[in-house]
file work-v3.txt (compact mmCIF, C-alpha atoms)
# COMPACT_ATOMS: atom_id res chain seq x y z
CA MET V 1 -15.22 -24.50 -39.53
CA LYS V 2 -12.14 -22.29 -39.83
CA LEU V 3 -14.28 -19.17 -39.53
CA LYS V 4 -15.70 -20.30 -36.17
CA SER V 5 -12.28 -21.03 -34.68
CA LYS V 6 -10.92 -17.71 -35.96
CA ASN V 7 -13.83 -15.85 -34.32
CA LEU V 8 -13.12 -17.65 -31.04
CA TYR V 9 -9.37 -17.01 -30.98
CA LEU V 10 -9.47 -13.34 -31.96
CA PRO V 11 -11.07 -12.14 -28.67
CA LEU V 12 -8.79 -14.44 -26.67
CA PHE V 13 -5.78 -12.98 -28.46
CA GLY V 14 -7.00 -9.48 -27.55
CA VAL V 15 -7.29 -10.38 -23.85
CA PHE V 16 -3.81 -11.89 -23.78
CA LEU V 17 -2.40 -8.88 -25.59
CA LEU V 18 -3.97 -6.60 -22.97
CA LEU V 19 -2.68 -8.79 -20.14
CA PHE V 20 0.88 -9.01 -21.39
CA ALA V 21 1.04 -5.34 -22.34
CA GLY V 22 0.57 -4.62 -18.64
CA CYS V 23 3.38 -6.97 -17.67
CA GLY V 24 6.16 -4.74 -19.00
CA PRO V 25 7.95 -1.94 -17.27
CA SER V 26 5.80 0.64 -15.58
CA LYS V 27 4.72 3.56 -17.73
CA ASN V 28 4.37 5.65 -14.57
CA THR V 29 7.35 7.26 -12.95
CA SER V 30 7.73 6.47 -9.27
CA GLU V 31 6.69 10.06 -8.45
CA ASN V 32 3.44 9.65 -10.41
CA LEU V 33 2.74 6.32 -8.74
CA VAL V 34 3.27 7.77 -5.27
CA SER V 35 1.06 10.75 -6.13
CA ASP V 36 -1.64 8.46 -7.56
CA SER V 37 -1.48 6.30 -4.41
CA VAL V 38 -1.88 9.33 -2.14
CA ASP V 39 -4.82 10.53 -4.25
CA ALA V 40 -6.44 7.07 -4.21
CA LYS V 41 -6.14 6.88 -0.41
CA ALA V 42 -7.69 10.36 -0.08
CA THR V 43 -10.54 9.36 -2.43
CA ILE V 44 -11.30 6.21 -0.41
CA ILE V 45 -11.29 8.11 2.90
CA ALA V 46 -13.42 10.96 1.50
CA LYS V 47 -16.09 8.56 0.20
CA HIS V 48 -15.82 6.04 3.05
CA PRO V 49 -14.61 7.75 6.27
CA LYS V 50 -14.51 4.44 8.21
CA MET V 51 -11.53 3.41 6.06
CA ALA V 52 -9.34 6.08 7.71
CA GLU V 53 -9.15 3.91 10.82
CA LEU V 54 -7.90 0.92 8.82
CA PHE V 55 -5.18 3.01 7.18
CA SER V 56 -4.00 4.26 10.59
CA THR V 57 -4.32 1.07 12.67
CA SER V 58 -3.00 -1.54 10.21
CA LYS V 59 0.65 -2.57 10.46
CA GLY V 60 0.88 -1.64 6.80
CA TYR V 61 -0.92 -1.55 3.49
CA ALA V 62 -0.29 -1.87 -0.23
CA ILE V 63 -2.31 0.48 -2.42
CA PHE V 64 -2.78 -0.05 -6.15
CA PRO V 65 -4.38 3.16 -7.48
CA ASN V 66 -4.95 2.06 -11.09
CA VAL V 67 -5.71 -1.63 -11.56
CA GLY V 68 -7.05 -2.57 -14.98
CA LYS V 69 -8.93 -5.78 -15.69
CA GLY V 70 -10.18 -7.19 -18.98
CA ALA V 71 -11.84 -10.48 -19.74
CA TYR V 72 -13.48 -12.62 -22.35
CA VAL V 73 -13.83 -15.99 -20.57
CA ILE V 74 -10.13 -15.78 -19.63
CA GLY V 75 -9.35 -12.59 -17.79
CA GLY V 76 -6.35 -10.72 -16.55
CA ALA V 77 -5.62 -7.76 -14.33
CA SER V 78 -2.51 -5.73 -13.73
CA GLY V 79 -1.47 -2.76 -11.62
CA ASN V 80 1.41 -1.07 -9.83
CA GLY V 81 1.30 0.22 -6.29
CA THR V 82 3.10 1.49 -3.24
CA VAL V 83 3.64 -0.30 0.08
CA TYR V 84 3.51 1.39 3.48
CA GLU V 85 4.61 0.17 6.91
CA ASN V 86 3.54 2.15 9.98
CA GLY V 87 2.59 5.07 7.72
CA ARG V 88 5.97 5.21 5.94
CA MET V 89 6.48 4.13 2.32
CA VAL V 90 8.83 1.13 2.19
CA GLY V 91 8.55 0.01 -1.42
CA TYR V 92 6.65 -0.67 -4.61
CA ALA V 93 4.58 -3.65 -5.71
CA ASP V 94 3.20 -5.17 -8.90
CA LEU V 95 -0.15 -6.94 -9.05
CA LYS V 96 -0.96 -9.61 -11.64
CA GLN V 97 -4.10 -11.70 -11.90
CA VAL V 98 -5.28 -14.37 -14.31
CA ASP V 99 -8.67 -16.01 -13.95
CA ILE V 100 -11.15 -18.07 -15.89
CA GLY V 101 -14.92 -18.21 -15.84
CA PHE V 102 -18.04 -16.77 -17.36
CA GLN V 103 -16.97 -13.12 -17.73
CA ILE V 104 -16.75 -10.37 -20.29
CA GLY V 105 -15.81 -6.68 -20.22
CA GLY V 106 -13.26 -4.44 -18.64
CA LYS V 107 -12.96 -2.23 -15.59
CA ALA V 108 -10.58 -0.06 -13.62
CA PHE V 109 -10.44 0.00 -9.84
CA ILE V 110 -8.39 0.88 -6.77
CA GLU V 111 -7.24 -2.05 -4.63
CA VAL V 112 -5.82 -1.91 -1.11
CA LEU V 113 -4.36 -4.80 0.88
CA PHE V 114 -4.40 -4.09 4.62
CA PHE V 115 -1.98 -6.05 6.82
CA GLN V 116 -3.29 -6.62 10.33
CA THR V 117 -0.14 -8.28 11.65
CA GLN V 118 3.58 -7.74 11.18
CA THR V 119 3.86 -11.37 10.03
CA ALA V 120 1.37 -10.79 7.19
CA LEU V 121 3.23 -7.66 6.10
CA ASP V 122 6.60 -9.43 6.30
CA ASP V 123 5.26 -12.33 4.21
CA PHE V 124 4.18 -9.81 1.56
CA LYS V 125 7.56 -8.06 1.63
CA ASP V 126 9.50 -11.34 1.29
CA GLY V 127 9.15 -11.11 -2.50
CA SER V 128 6.52 -13.11 -4.35
CA PHE V 129 3.18 -13.26 -2.57
CA GLN V 130 -0.08 -14.81 -3.70
CA LEU V 131 -3.69 -14.42 -2.68
CA SER V 132 -5.82 -17.44 -3.42
CA GLY V 133 -9.17 -17.23 -5.12
CA ASN V 134 -10.99 -17.92 -1.84
CA ILE V 135 -9.98 -14.56 -0.31
CA SER V 136 -12.89 -12.22 -0.76
CA ALA V 137 -12.58 -8.49 -1.25
CA VAL V 138 -14.84 -5.87 0.24
CA ILE V 139 -16.10 -3.71 -2.62
CA LEU V 140 -16.61 -0.10 -1.59
CA GLU V 141 -19.59 1.24 -3.48
CA GLU V 142 -21.12 4.71 -3.46
CA GLY V 143 -23.34 5.15 -0.42
CA ALA V 144 -22.56 1.71 1.02
CA SER V 145 -20.53 1.01 4.13
CA LYS V 146 -19.26 -2.48 4.73
CA ASP V 147 -17.19 -3.95 7.53
CA VAL V 148 -13.79 -5.23 6.53
CA GLU V 149 -12.80 -8.66 7.78
CA PHE V 150 -9.24 -9.97 7.93
CA ASN V 151 -8.35 -13.45 6.69
CA ASN V 152 -4.93 -14.70 7.84
CA GLY V 153 -3.98 -11.13 8.74
CA ILE V 154 -4.95 -9.63 5.36
CA ALA V 155 -8.00 -7.70 4.22
CA VAL V 156 -8.62 -6.73 0.60
CA VAL V 157 -10.65 -3.65 -0.31
CA THR V 158 -11.50 -2.52 -3.83
CA MET V 159 -13.23 0.60 -5.12
CA PRO V 160 -14.53 0.77 -8.71
CA LYS V 161 -13.30 3.64 -10.89
CA ALA V 162 -14.69 2.96 -14.37
CA GLY V 163 -15.79 0.29 -16.80
CA ALA V 164 -18.37 -2.45 -17.01
CA MET V 165 -17.83 -6.11 -16.42
CA ALA V 166 -20.20 -9.01 -15.97
CA GLY V 167 -19.63 -12.55 -14.91
CA ILE V 168 -18.25 -14.94 -12.35
CA SER V 169 -14.62 -15.97 -12.30
CA VAL V 170 -12.14 -17.93 -10.22
CA GLY V 171 -8.55 -16.91 -9.87
CA GLY V 172 -5.88 -15.52 -7.64
CA GLN V 173 -3.56 -12.59 -7.48
CA ARG V 174 0.21 -12.55 -7.44
CA PHE V 175 2.30 -9.68 -6.09
CA GLU V 176 5.96 -8.75 -6.36
CA PHE V 177 7.52 -6.40 -3.80
CA PHE V 178 10.42 -4.06 -4.53
CA PRO V 179 11.89 -2.20 -1.51
CA THR V 180 12.89 1.44 -1.78
CA ASN V 181 16.55 2.18 -1.25
call {"tool": "encode", "arguments": {"input": "work-v3.txt", "output": "structure tokens"}}
result
Amino acid sequence: MKLKSKNLYLPLFGVFLLLFAGCGPSKNTSENLVSDSVDAKATIIAKHPKMAELFSTSKGYAIFPNVGKGAYVIGGASGNGTVYENGRMVGYADLKQVDIGFQIGGKAFIEVLFFQTQTALDDFKDGSFQLSGNISAVILEEGASKDVEFNNGIAVVTMPKAGAMAGISVGGQRFEFFPTN
């Protein structure tokens, strides 16, 4: 009986270790993060030209160029990003996610939150902000073009980078905003 419980807890311990390792201070310098964000935006626009209009017409956006997610039933994701208002960088943000469901694996992706209204952007910049599990993200895949829909003034777009993950999960994302001086 002890062997079974040990085999169950070892993978869960690994997921939590991965999750909490990403909760510490950023390993990227702010210059690297800004550079990675600019590169991620350019990659999205190059592969999906329709996204250029969203970047230019939105009141603002938060771009997370390197989000990592791992899961074994319980999953977690973490990433750092930059926040732009009217095309000008106004701060940094942290993304954290915890979810539960039938899932296993790991992946890396780019995530962008587009803010359609000033109110939505201001709510994000007020400090702690959460997206509920019922907000759906548009996943930009190679060769596919999807329309982005806003929900309460926010649209979420993700683009896979690497990894393999299977399953269905329910969870939400939490963001912290840190203004530049």
call {"tool": "atom_distance", "arguments": {"input": "work-v3.txt", "atom1": "atom CA of Leu121 of chain V", "atom2": "atom CA of Asn86 of chain V"}}
result
10.6 Å
call {"tool": "atom_distance", "arguments": {"input": "work-v3.txt", "atom1": "atom CA of Pro160 of chain V", "atom2": "atom CA of Phe109 of chain V"}}
result
4.3 Å
call {"tool": "closest_residue", "arguments": {"input": "work-v3.txt", "among": "V:Met51, V:Leu131, V:Ile45, V:Leu33", "to": "Ile154 of chain V", "atoms": "all atoms listed in the file"}}
result
V:Leu131
call {"tool": "residues_near_point", "arguments": {"input": "work-v3.txt", "point": "(15.9, 0.6, 0.4)", "cutoff": "8 Å", "atoms": "all atoms listed in the file", "output": "PDB file with C-alpha atoms, in the frame of the given file"}}
result
ATOM      1  CA  VAL V  90       8.830   1.130   2.190  1.00  0.00           C
ATOM      2  CA  GLY V  91       8.550   0.010  -1.420  1.00  0.00           C
ATOM      3  CA  PRO V 179      11.890  -2.200  -1.510  1.00  0.00           C
ATOM      4  CA  THR V 180      12.890   1.440  -1.780  1.00  0.00           C
ATOM      5  CA  ASN V 181      16.550   2.180  -1.250  1.00  0.00           C
TER       6      ASN V 181
END
call {"tool": "residues_near_point", "arguments": {"input": "work-v3.txt", "point": "(-17.0, 0.6, -0.9)", "cutoff": "12 Å", "atoms": "all atoms listed in the file", "output": "count of residues only"}}
result
31
call {"tool": "closest_residue", "arguments": {"input": "work-v3.txt", "among": "V:Tyr61, V:Phe177, V:Phe150, V:Tyr72", "to": "Ile100 of chain V", "atoms": "all atoms listed in the file"}}
result
V:Tyr72
call {"tool": "closest_residue", "arguments": {"input": "work-v3.txt", "among": "V:Lys69, V:Lys41, V:Lys96, V:Arg88", "to": "Gln173 of chain V", "atoms": "only C-alpha atoms"}}
result
V:Lys96
call {"tool": "atom_distance", "arguments": {"input": "work-v3.txt", "atom1": "atom CA of Ala71 of chain V", "atom2": "atom CA of Asn151 of chain V"}}
result
26.8 Å
call {"tool": "closest_residue", "arguments": {"input": "work-v3.txt", "among": "V:Val67, V:Lys59, V:Leu95, V:Glu85", "to": "Phe115 of chain V", "atoms": "only C-alpha atoms"}}
result
V:Lys59
call {"tool": "residues_around", "arguments": {"input": "work-v3.txt", "residues": "Asn32 of chain V", "least_positions_apart": "5", "cutoff": "12 Å", "atoms": "all atoms listed in the file", "output": "list of chain:residue names"}}
result
V:Ser26, V:Lys27, V:Ser37, V:Val38, V:Asp39, V:Ala40, V:Pro65, V:Asn66, V:Asn80, V:Gly81, V:Thr82
call {"tool": "closest_residue", "arguments": {"input": "work-v3.txt", "among": "V:Ile74, V:Ala120, V:Val83, V:Leu113", "to": "Gly101 of chain V", "atoms": "all atoms listed in the file"}}
result
V:Ile74
call {"tool": "residues_around", "arguments": {"input": "work-v3.txt", "residues": "Glu176 of chain V", "least_positions_apart": "6", "cutoff": "7 Å", "atoms": "only C-alpha atoms", "output": "PyMOL selection string"}}
result
chain V and resi 93-95+127-129
call {"tool": "residues_around", "arguments": {"input": "work-v3.txt", "residues": "Thr119 of chain V", "least_positions_apart": "4", "cutoff": "10 Å", "atoms": "only C-alpha atoms", "output": "ChimeraX atom specification"}}
result
/V:59,115,123-125,152-153
call {"tool": "closest_residue", "arguments": {"input": "work-v3.txt", "among": "V:Ala42, V:Gly106, V:Ala52, V:Gly60", "to": "Val73 of chain V", "atoms": "only C-alpha atoms"}}
result
V:Gly106
call {"tool": "decode", "arguments": {"input": "work-v3.txt", "residues": "segment 56-91 of chain V", "atoms": "N, CA, C and O atoms", "output": "PDB file, in the first residue's frame"}}
result
ATOM      1  N   SER V  56      -2.430  47.046 -33.053  1.00  0.00           N
ATOM      2  CA  SER V  56      -2.480  48.496 -33.283  1.00  0.00           C
ATOM      3  C   SER V  56      -3.791  49.143 -32.860  1.00  0.00           C
ATOM      4  O   SER V  56      -3.818  50.330 -32.527  1.00  0.00           O
ATOM      5  N   THR V  57      -4.908  48.391 -32.854  1.00  0.00           N
ATOM      6  CA  THR V  57      -6.195  49.005 -32.525  1.00  0.00           C
ATOM      7  C   THR V  57      -6.632  48.805 -31.075  1.00  0.00           C
ATOM      8  O   THR V  57      -7.528  49.512 -30.609  1.00  0.00           O
ATOM      9  N   SER V  58      -6.033  47.878 -30.361  1.00  0.00           N
ATOM     10  CA  SER V  58      -6.398  47.661 -28.953  1.00  0.00           C
ATOM     11  C   SER V  58      -5.908  48.823 -28.103  1.00  0.00           C
ATOM     12  O   SER V  58      -4.894  49.448 -28.409  1.00  0.00           O
ATOM     13  N   LYS V  59      -6.617  49.091 -27.021  1.00  0.00           N
ATOM     14  CA  LYS V  59      -6.183  50.134 -26.076  1.00  0.00           C
ATOM     15  C   LYS V  59      -4.841  49.763 -25.463  1.00  0.00           C
ATOM     16  O   LYS V  59      -4.048  50.612 -25.110  1.00  0.00           O
ATOM     17  N   GLY V  60      -4.611  48.471 -25.349  1.00  0.00           N
ATOM     18  CA  GLY V  60      -3.352  47.983 -24.799  1.00  0.00           C
ATOM     19  C   GLY V  60      -3.297  46.479 -24.893  1.00  0.00           C
ATOM     20  O   GLY V  60      -4.261  45.830 -25.314  1.00  0.00           O
ATOM     21  N   TYR V  61      -2.153  45.934 -24.508  1.00  0.00           N
ATOM     22  CA  TYR V  61      -1.993  44.483 -24.488  1.00  0.00           C
ATOM     23  C   TYR V  61      -0.896  44.109 -23.511  1.00  0.00           C
ATOM     24  O   TYR V  61      -0.013  44.900 -23.204  1.00  0.00           O
ATOM     25  N   ALA V  62      -0.996  42.888 -23.012  1.00  0.00           N
ATOM     26  CA  ALA V  62       0.048  42.297 -22.166  1.00  0.00           C
ATOM     27  C   ALA V  62       0.553  41.078 -22.918  1.00  0.00           C
ATOM     28  O   ALA V  62      -0.246  40.237 -23.338  1.00  0.00           O
ATOM     29  N   ILE V  63       1.867  41.010 -23.127  1.00  0.00           N
ATOM     30  CA  ILE V  63       2.434  39.895 -23.882  1.00  0.00           C
ATOM     31  C   ILE V  63       3.400  39.112 -22.997  1.00  0.00           C
ATOM     32  O   ILE V  63       4.277  39.689 -22.356  1.00  0.00           O
ATOM     33  N   PHE V  64       3.165  37.813 -22.930  1.00  0.00           N
ATOM     34  CA  PHE V  64       3.976  36.893 -22.139  1.00  0.00           C
ATOM     35  C   PHE V  64       4.704  35.983 -23.135  1.00  0.00           C
ATOM     36  O   PHE V  64       4.108  35.034 -23.652  1.00  0.00           O
ATOM     37  N   PRO V  65       5.976  36.271 -23.423  1.00  0.00           N
ATOM     38  CA  PRO V  65       6.676  35.567 -24.503  1.00  0.00           C
ATOM     39  C   PRO V  65       7.091  34.135 -24.187  1.00  0.00           C
ATOM     40  O   PRO V  65       7.313  33.357 -25.112  1.00  0.00           O
ATOM     41  N   ASN V  66       7.189  33.782 -22.923  1.00  0.00           N
ATOM     42  CA  ASN V  66       7.675  32.450 -22.541  1.00  0.00           C
ATOM     43  C   ASN V  66       6.886  31.888 -21.371  1.00  0.00           C
ATOM     44  O   ASN V  66       7.358  31.870 -20.239  1.00  0.00           O
ATOM     45  N   VAL V  67       5.673  31.410 -21.634  1.00  0.00           N
ATOM     46  CA  VAL V  67       4.864  30.799 -20.585  1.00  0.00           C
ATOM     47  C   VAL V  67       5.148  29.303 -20.603  1.00  0.00           C
ATOM     48  O   VAL V  67       5.146  28.673 -21.661  1.00  0.00           O
ATOM     49  N   GLY V  68       5.419  28.746 -19.438  1.00  0.00           N
ATOM     50  CA  GLY V  68       5.641  27.316 -19.302  1.00  0.00           C
ATOM     51  C   GLY V  68       4.526  26.683 -18.503  1.00  0.00           C
ATOM     52  O   GLY V  68       4.078  27.247 -17.512  1.00  0.00           O
ATOM     53  N   LYS V  69       4.051  25.526 -18.965  1.00  0.00           N
ATOM     54  CA  LYS V  69       2.989  24.821 -18.255  1.00  0.00           C
ATOM     55  C   LYS V  69       3.364  23.361 -18.125  1.00  0.00           C
ATOM     56  O   LYS V  69       3.855  22.752 -19.073  1.00  0.00           O
ATOM     57  N   GLY V  70       3.142  22.801 -16.945  1.00  0.00           N
ATOM     58  CA  GLY V  70       3.363  21.392 -16.692  1.00  0.00           C
ATOM     59  C   GLY V  70       2.196  20.839 -15.910  1.00  0.00           C
ATOM     60  O   GLY V  70       1.575  21.552 -15.130  1.00  0.00           O
ATOM     61  N   ALA V  71       1.877  19.568 -16.130  1.00  0.00           N
ATOM     62  CA  ALA V  71       0.737  18.996 -15.429  1.00  0.00           C
ATOM     63  C   ALA V  71       0.827  17.487 -15.325  1.00  0.00           C
ATOM     64  O   ALA V  71       1.347  16.815 -16.217  1.00  0.00           O
ATOM     65  N   TYR V  72       0.344  16.999 -14.219  1.00  0.00           N
ATOM     66  CA  TYR V  72       0.042  15.602 -13.999  1.00  0.00           C
ATOM     67  C   TYR V  72      -1.177  15.624 -13.086  1.00  0.00           C
ATOM     68  O   TYR V  72      -1.051  15.736 -11.871  1.00  0.00           O
ATOM     69  N   VAL V  73      -2.355  15.638 -13.654  1.00  0.00           N
ATOM     70  CA  VAL V  73      -3.647  15.855 -13.013  1.00  0.00           C
ATOM     71  C   VAL V  73      -3.750  17.305 -12.536  1.00  0.00           C
ATOM     72  O   VAL V  73      -4.577  18.067 -13.002  1.00  0.00           O
ATOM     73  N   ILE V  74      -2.895  17.702 -11.603  1.00  0.00           N
ATOM     74  CA  ILE V  74      -2.850  19.105 -11.174  1.00  0.00           C
ATOM     75  C   ILE V  74      -1.775  19.785 -12.008  1.00  0.00           C
ATOM     76  O   ILE V  74      -0.670  19.275 -12.141  1.00  0.00           O
ATOM     77  N   GLY V  75      -2.126  20.924 -12.562  1.00  0.00           N
ATOM     78  CA  GLY V  75      -1.191  21.612 -13.439  1.00  0.00           C
ATOM     79  C   GLY V  75      -0.914  23.024 -12.983  1.00  0.00           C
ATOM     80  O   GLY V  75      -1.652  23.597 -12.180  1.00  0.00           O
ATOM     81  N   GLY V  76       0.144  23.572 -13.509  1.00  0.00           N
ATOM     82  CA  GLY V  76       0.493  24.953 -13.200  1.00  0.00           C
ATOM     83  C   GLY V  76       1.214  25.574 -14.377  1.00  0.00           C
ATOM     84  O   GLY V  76       1.860  24.886 -15.172  1.00  0.00           O
ATOM     85  N   ALA V  77       1.058  26.877 -14.490  1.00  0.00           N
ATOM     86  CA  ALA V  77       1.749  27.622 -15.541  1.00  0.00           C
ATOM     87  C   ALA V  77       2.259  28.915 -14.936  1.00  0.00           C
ATOM     88  O   ALA V  77       1.709  29.432 -13.956  1.00  0.00           O
ATOM     89  N   SER V  78       3.337  29.421 -15.533  1.00  0.00           N
ATOM     90  CA  SER V  78       3.946  30.634 -15.026  1.00  0.00           C
ATOM     91  C   SER V  78       4.653  31.344 -16.173  1.00  0.00           C
ATOM     92  O   SER V  78       5.177  30.704 -17.081  1.00  0.00           O
ATOM     93  N   GLY V  79       4.658  32.677 -16.115  1.00  0.00           N
ATOM     94  CA  GLY V  79       5.374  33.453 -17.125  1.00  0.00           C
ATOM     95  C   GLY V  79       5.461  34.908 -16.727  1.00  0.00           C
ATOM     96  O   GLY V  79       4.702  35.381 -15.881  1.00  0.00           O
ATOM     97  N   ASN V  80       6.392  35.607 -17.322  1.00  0.00           N
ATOM     98  CA  ASN V  80       6.563  37.043 -17.103  1.00  0.00           C
ATOM     99  C   ASN V  80       6.331  37.749 -18.428  1.00  0.00           C
ATOM    100  O   ASN V  80       6.624  37.190 -19.492  1.00  0.00           O
ATOM    101  N   GLY V  81       5.816  38.974 -18.362  1.00  0.00           N
ATOM    102  CA  GLY V  81       5.536  39.681 -19.593  1.00  0.00           C
ATOM    103  C   GLY V  81       5.639  41.185 -19.452  1.00  0.00           C
ATOM    104  O   GLY V  81       5.986  41.717 -18.392  1.00  0.00           O
ATOM    105  N   THR V  82       5.353  41.849 -20.548  1.00  0.00           N
ATOM    106  CA  THR V  82       5.370  43.304 -20.603  1.00  0.00           C
ATOM    107  C   THR V  82       3.975  43.801 -20.969  1.00  0.00           C
ATOM    108  O   THR V  82       3.221  43.120 -21.662  1.00  0.00           O
ATOM    109  N   VAL V  83       3.642  45.001 -20.493  1.00  0.00           N
ATOM    110  CA  VAL V  83       2.314  45.571 -20.704  1.00  0.00           C
ATOM    111  C   VAL V  83       2.458  46.877 -21.483  1.00  0.00           C
ATOM    112  O   VAL V  83       3.297  47.719 -21.146  1.00  0.00           O
ATOM    113  N   TYR V  84       1.616  47.018 -22.505  1.00  0.00           N
ATOM    114  CA  TYR V  84       1.663  48.186 -23.381  1.00  0.00           C
ATOM    115  C   TYR V  84       0.315  48.893 -23.379  1.00  0.00           C
ATOM    116  O   TYR V  84      -0.731  48.250 -23.351  1.00  0.00           O
ATOM    117  N   GLU V  85       0.357  50.220 -23.405  1.00  0.00           N
ATOM    118  CA  GLU V  85      -0.840  51.039 -23.517  1.00  0.00           C
ATOM    119  C   GLU V  85      -0.609  52.023 -24.658  1.00  0.00           C
ATOM    120  O   GLU V  85       0.376  52.766 -24.655  1.00  0.00           O
ATOM    121  N   ASN V  86      -1.511  51.984 -25.650  1.00  0.00           N
ATOM    122  CA  ASN V  86      -1.384  52.837 -26.834  1.00  0.00           C
ATOM    123  C   ASN V  86       0.011  52.732 -27.458  1.00  0.00           C
ATOM    124  O   ASN V  86       0.615  53.739 -27.832  1.00  0.00           O
ATOM    125  N   GLY V  87       0.538  51.513 -27.525  1.00  0.00           N
ATOM    126  CA  GLY V  87       1.822  51.261 -28.163  1.00  0.00           C
ATOM    127  C   GLY V  87       3.053  51.566 -27.331  1.00  0.00           C
ATOM    128  O   GLY V  87       4.174  51.341 -27.769  1.00  0.00           O
ATOM    129  N   ARG V  88       2.866  52.045 -26.111  1.00  0.00           N
ATOM    130  CA  ARG V  88       3.991  52.409 -25.239  1.00  0.00           C
ATOM    131  C   ARG V  88       4.029  51.466 -24.036  1.00  0.00           C
ATOM    132  O   ARG V  88       3.010  51.207 -23.399  1.00  0.00           O
ATOM    133  N   MET V  89       5.223  50.948 -23.718  1.00  0.00           N
ATOM    134  CA  MET V  89       5.346  50.046 -22.573  1.00  0.00           C
ATOM    135  C   MET V  89       5.108  50.821 -21.279  1.00  0.00           C
ATOM    136  O   MET V  89       5.709  51.869 -21.049  1.00  0.00           O
ATOM    137  N   VAL V  90       4.206  50.267 -20.437  1.00  0.00           N
ATOM    138  CA  VAL V  90       3.860  50.931 -19.178  1.00  0.00           C
ATOM    139  C   VAL V  90       4.174  50.076 -17.955  1.00  0.00           C
ATOM    140  O   VAL V  90       4.004  50.536 -16.822  1.00  0.00           O
ATOM    141  N   GLY V  91       4.618  48.822 -18.175  1.00  0.00           N
ATOM    142  CA  GLY V  91       4.932  48.005 -17.012  1.00  0.00           C
ATOM    143  C   GLY V  91       5.199  46.554 -17.359  1.00  0.00           C
ATOM    144  O   GLY V  91       5.299  46.174 -18.519  1.00  0.00           O
TER     145      GLY V  91
END
